[in-house]
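Trainee: Below: one structure in structure tokens.
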Amino acid sequence: MTPLQQLVRPNIWSLAPYSSARDEYSGKEARVFLDANENPYNSPYNRYPDPLQRELKQQISRIKGVPENMIFLGNGSDEAIDLPYRVFCEPGIDNVVAIEPTYGMYHVCADINNVEYRTVLLDDHYQFTAAQLLAATDKHTKLIWLCSPNNPTGNSLNREELIKVVERFQGIVIIDEAYGDFSSQKLMRAELGKYPNLIVLNTFSKAWGLAAIRLGMAFASPDIIALYNKVKYPYNVNELTQKQALEALRDPFEVDKWVKMLLVERSRLMQAFALLPVCQQVFPSDANFFLARMTDAQRIYDYLVDRGIIVRNRTRVQLCGNCLRITVGMKGENNELLAALRSY
Ligand SMILES: *Cc1c(COP(=O)(O)O)cnc(C)c1O
């Protein structure tokens, strides 16, 4: 890996970050807080939250098997996706490489940050090779984006190739495992100790059922996490979110139950789709959704909308012509979808 200092933008490397009252004093024993210009009334929300979310990270550390100093928490994965651009990519000069099709936010954040976004098309099985991806890089490539299981295709990417990318690329490799809880494949999160250039993303929005509280995670070396912390907004994860996440973390077995039920429903729904006259192909999935090639995605999408059923029309995405992306819902919801499609 290129030394971190050479990968980071010089202004970020030398940045003196904002130091909040809660940063300067973080001891536990104090009783009287007259340092942050807060209102003393209206407890418990009158105080600024912990800027580094220490208690929450302790619990996440236990469940994810990642040390606390290798965890960043953000306002959704969105923040964990945006910050690497701001830390590593000089606008107008540096570039990033990503697979295509994949999650749209990597491209949007590149555009917002005026960073060139290079794509490498997946093959017919929605797979890639490390060699193809690395061939698209040059000396200005700072980041490689991978998503496994991938959105919108649903499949896990070939693990040997993922490892090759991390081992051979001299810059930062970001692997989004937002759907890792649903996957049968060994997670790259388990490899963090081996690779100082690896960032793995997770979220509370999918298996944890907490999309509304906006909480995303990045796992990486302590040095990379320190850079995230330097650039983030001081109080980027609010107190209500921290509390709600801690509440959920008290009962992680609930999540396991949801995942099990959703996997059973996924396979039932996929099998039923394969038998539908309007469905031409069901693509393999390691996530809580799957991609299906239909006879006429646009017309079927509109038909479903008319019946109050919303799926995601991906027909205009490269390699996804006539494809709908179906999120696995409750049994009753899935049955409504199937009934509607059977009478199309
Ligand atoms: C849904 C999703 C996320 C989650 O984003 P949040 O901002 O955490 O809600 C992240 N990555 C991928 C690939 C997703 O599909």
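Chain labels A, B, ... are given in the sequence in which chains occur in the structure tokens; within each chain residues are numbered consecutively from 1, and ligands are likewise numbered from 1 in the order shown.
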Show me, as a list of chain:residue names, the residues that have an atom within 12 Å of Gln53 in chain A when counting only C-alpha atoms, minus same-chain residues fewer than 5 positions from it.

Mentor: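 Within the cut-off, the hits are A:Arg22, A:Asp23, A:Ser26, A:Tyr48, A:Gln58, A:Gln59, A:Ile60, A:Ser61, A:Glu68, A:Asn69, A:Ile71, A:Phe72, A:Leu73, A:Gly74, A:Leu215, A:Met217, A:Asn229, A:Pro234, A:Tyr235, A:Asn236, A:Val237, A:Asn238, A:Glu239, A:Leu240, A:Thr241, A:Gln242, A:Lys243, A:Ala245, A:Leu246.
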
Trainee: Residues of range 113-198 of chain A classed as helix (DSSP H, G or I) by DSSP on the backbone are to be reported as a count of residues only.

Mentor: 26

Trainee: Ligand 1: which residues are within 8 Å, counting only C-alpha atoms and all ligand atoms? Reply as a VMD selection string.

Mentor: chain A and resid 75 to 79 102 to 103 105 147 to 152 176 to 179 201 to 206 211 214 to 217

Trainee: Deliver the residues from the most recent selection as a file, using C-alpha atoms, as an mmCIF file, in the first residue's frame.

Mentor:
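The file below, out-v1.cif, is the result:
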data_model
loop_
_atom_site.group_PDB
_atom_site.id
_atom_site.type_symbol
_atom_site.label_atom_id
_atom_site.label_comp_id
_atom_site.auth_asym_id
_atom_site.auth_seq_id
_atom_site.Cartn_x
_atom_site.Cartn_y
_atom_site.Cartn_z
ATOM 1 C CA ASN A 75 -25.274 9.690 9.319
ATOM 2 C CA GLY A 76 -26.168 6.625 7.238
ATOM 3 C CA SER A 77 -23.720 4.871 4.960
ATOM 4 C CA ASP A 78 -24.132 8.013 2.879
ATOM 5 C CA GLU A 79 -21.682 9.816 5.153
ATOM 6 C CA THR A 102 -23.733 -0.987 -8.566
ATOM 7 C CA TYR A 103 -25.158 1.244 -5.823
ATOM 8 C CA MET A 105 -24.351 6.778 -4.231
ATOM 9 C CA CYS A 147 -20.307 -3.845 -3.236
ATOM 10 C CA SER A 148 -20.916 -7.433 -2.149
ATOM 11 C CA PRO A 149 -23.642 -8.627 -2.149
ATOM 12 C CA ASN A 150 -24.046 -6.116 -4.954
ATOM 13 C CA ASN A 151 -26.995 -3.796 -5.409
ATOM 14 C CA PRO A 152 -28.994 -4.007 -7.726
ATOM 15 C CA ASP A 176 -19.825 -2.209 0.881
ATOM 16 C CA GLU A 177 -21.296 -5.129 2.833
ATOM 17 C CA ALA A 178 -24.656 -3.454 3.492
ATOM 18 C CA TYR A 179 -26.321 -6.812 2.743
ATOM 19 C CA LEU A 201 -19.140 -0.549 5.061
ATOM 20 C CA ASN A 202 -22.143 -1.818 7.040
ATOM 21 C CA THR A 203 -25.481 -0.207 7.867
ATOM 22 C CA PHE A 204 -28.372 -0.329 10.337
ATOM 23 C CA SER A 205 -30.786 0.282 7.434
ATOM 24 C CA LYS A 206 -31.228 -3.291 6.195
ATOM 25 C CA ALA A 211 -33.372 2.794 8.066
ATOM 26 C CA ARG A 214 -29.735 6.971 9.710
ATOM 27 C CA LEU A 215 -26.783 5.033 11.076
ATOM 28 C CA GLY A 216 -24.002 3.684 8.904
ATOM 29 C CA MET A 217 -20.683 2.077 9.793
#

Trainee: Which of these residues is nearest to Gln170 in chain A, using only C-alpha atoms: A:Leu198, A:Thr2, A:Phe290, A:Arg86?

Mentor: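 When distances to Gln170 in chain A are compared using only C-alpha atoms, the smallest one comes from A:Thr2.
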
Trainee: Which one is closest to Arg159 in chain A: A:Phe128, A:Ile174, A:Ala207, A:Ile144? Count only C-alpha atoms.

Mentor: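 Of A:Phe128, A:Ile174, A:Ala207, A:Ile144, the one nearest Arg159 in chain A, counting only C-alpha atoms, is A:Phe128.
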
Trainee: Would you list the contacts of range 110-112 of chain A as a ChimeraX atom specification, taking every protein, DNA or RNA residue within 9 Å and counting only C-alpha atoms, but skipping same-chain residues closer than 2 positions in sequence?

Mentor: /A:82,85,95-96,105-108,114-117

Trainee: If you keep all heavy atoms, can you produce a file of those selected residues as a tab-separated table (two decimals), in the first residue's frame?

Mentor:
chain	number	residue	atom	x	y	z
A	82	ASP	N	-19.32	9.34	1.42
A	82	ASP	CA	-18.86	10.68	1.01
A	82	ASP	C	-17.48	11.03	1.58
A	82	ASP	O	-16.65	11.63	0.88
A	82	ASP	CB	-19.89	11.73	1.47
A	82	ASP	CG	-19.53	13.13	1.00
A	82	ASP	OD1	-19.29	13.29	-0.21
A	82	ASP	OD2	-19.48	14.04	1.84
A	85	TYR	N	-14.06	10.41	-0.28
A	85	TYR	CA	-13.77	11.36	-1.36
A	85	TYR	C	-13.11	12.60	-0.80
A	85	TYR	O	-12.13	13.11	-1.36
A	85	TYR	CB	-15.07	11.76	-2.08
A	85	TYR	CG	-15.61	10.71	-3.00
A	85	TYR	CD1	-16.72	9.96	-2.65
A	85	TYR	CD2	-15.02	10.47	-4.24
A	85	TYR	CE1	-17.24	8.99	-3.50
A	85	TYR	CE2	-15.51	9.50	-5.09
A	85	TYR	CZ	-16.62	8.76	-4.72
A	85	TYR	OH	-17.11	7.79	-5.56
A	95	ASN	N	-9.03	10.23	-9.33
A	95	ASN	CA	-10.19	9.48	-9.82
A	95	ASN	C	-10.43	8.25	-8.95
A	95	ASN	O	-9.59	7.89	-8.11
A	95	ASN	CB	-9.97	9.07	-11.29
A	95	ASN	CG	-8.84	8.08	-11.46
A	95	ASN	OD1	-8.93	6.92	-11.04
A	95	ASN	ND2	-7.73	8.52	-12.07
A	96	VAL	N	-11.59	7.62	-9.16
A	96	VAL	CA	-11.92	6.38	-8.48
A	96	VAL	C	-12.41	5.37	-9.52
A	96	VAL	O	-12.83	5.77	-10.62
A	96	VAL	CB	-13.01	6.57	-7.40
A	96	VAL	CG1	-12.62	7.67	-6.42
A	96	VAL	CG2	-14.37	6.88	-8.03
A	105	MET	N	-24.93	5.69	-5.04
A	105	MET	CA	-24.35	6.78	-4.23
A	105	MET	C	-22.85	6.99	-4.47
A	105	MET	O	-22.34	8.09	-4.28
A	105	MET	CB	-24.59	6.54	-2.73
A	105	MET	CG	-25.91	7.06	-2.20
A	105	MET	SD	-26.21	8.81	-2.55
A	105	MET	CE	-25.16	9.60	-1.33
A	106	TYR	N	-22.14	5.93	-4.87
A	106	TYR	CA	-20.69	6.11	-5.10
A	106	TYR	C	-20.47	7.12	-6.22
A	106	TYR	O	-19.59	7.97	-6.14
A	106	TYR	CB	-20.01	4.78	-5.46
A	106	TYR	CG	-20.43	3.57	-4.65
A	106	TYR	CD1	-20.62	2.33	-5.25
A	106	TYR	CD2	-20.66	3.67	-3.28
A	106	TYR	CE1	-21.02	1.21	-4.53
A	106	TYR	CE2	-21.06	2.56	-2.54
A	106	TYR	CZ	-21.25	1.34	-3.18
A	106	TYR	OH	-21.65	0.25	-2.47
A	107	HIS	N	-21.31	7.01	-7.27
A	107	HIS	CA	-21.18	7.90	-8.42
A	107	HIS	C	-21.65	9.31	-8.06
A	107	HIS	O	-20.99	10.30	-8.40
A	107	HIS	CB	-22.01	7.33	-9.59
A	107	HIS	CG	-21.61	7.92	-10.92
A	107	HIS	ND1	-21.87	7.31	-12.11
A	107	HIS	CD2	-20.99	9.08	-11.23
A	107	HIS	CE1	-21.41	8.05	-13.11
A	107	HIS	NE2	-20.87	9.14	-12.59
A	108	VAL	N	-22.76	9.42	-7.37
A	108	VAL	CA	-23.29	10.74	-6.99
A	108	VAL	C	-22.27	11.50	-6.14
A	108	VAL	O	-22.00	12.68	-6.37
A	108	VAL	CB	-24.64	10.59	-6.24
A	108	VAL	CG1	-25.09	11.93	-5.65
A	108	VAL	CG2	-25.71	10.04	-7.17
A	114	ASN	N	-16.58	16.46	-7.50
A	114	ASN	CA	-15.83	16.72	-8.74
A	114	ASN	C	-14.63	15.78	-8.88
A	114	ASN	O	-13.50	16.19	-9.12
A	114	ASN	CB	-15.37	18.19	-8.79
A	114	ASN	CG	-14.81	18.57	-10.15
A	114	ASN	OD1	-15.15	17.95	-11.16
A	114	ASN	ND2	-13.92	19.54	-10.18
A	115	VAL	N	-14.93	14.48	-8.69
A	115	VAL	CA	-13.90	13.45	-8.82
A	115	VAL	C	-14.32	12.52	-9.96
A	115	VAL	O	-15.47	12.08	-10.01
A	115	VAL	CB	-13.75	12.66	-7.49
A	115	VAL	CG1	-12.87	11.44	-7.67
A	115	VAL	CG2	-13.21	13.58	-6.40
A	116	GLU	N	-13.40	12.23	-10.87
A	116	GLU	CA	-13.71	11.36	-12.01
A	116	GLU	C	-14.08	9.96	-11.52
A	116	GLU	O	-13.38	9.38	-10.68
A	116	GLU	CB	-12.49	11.28	-12.95
A	116	GLU	CG	-12.76	10.44	-14.20
A	116	GLU	CD	-11.48	10.05	-14.95
A	116	GLU	OE1	-10.40	10.62	-14.64
A	116	GLU	OE2	-11.54	9.17	-15.82
A	117	TYR	N	-15.19	9.43	-12.06
A	117	TYR	CA	-15.71	8.13	-11.66
A	117	TYR	C	-15.59	7.17	-12.83
A	117	TYR	O	-16.26	7.33	-13.84
A	117	TYR	CB	-17.17	8.28	-11.23
A	117	TYR	CG	-17.85	7.06	-10.66
A	117	TYR	CD1	-17.74	6.73	-9.31
A	117	TYR	CD2	-18.64	6.23	-11.46
A	117	TYR	CE1	-18.38	5.63	-8.78
A	117	TYR	CE2	-19.29	5.13	-10.94
A	117	TYR	CZ	-19.16	4.84	-9.59
A	117	TYR	OH	-19.81	3.74	-9.06

Trainee: Can you pull out every residue from range 219-298 of chain A that DSSP, working from the backbone, puts in strand (DSSP E), and format the result as a VMD selection string?

Mentor: chain A and resid 219 279 to 282 289 to 294
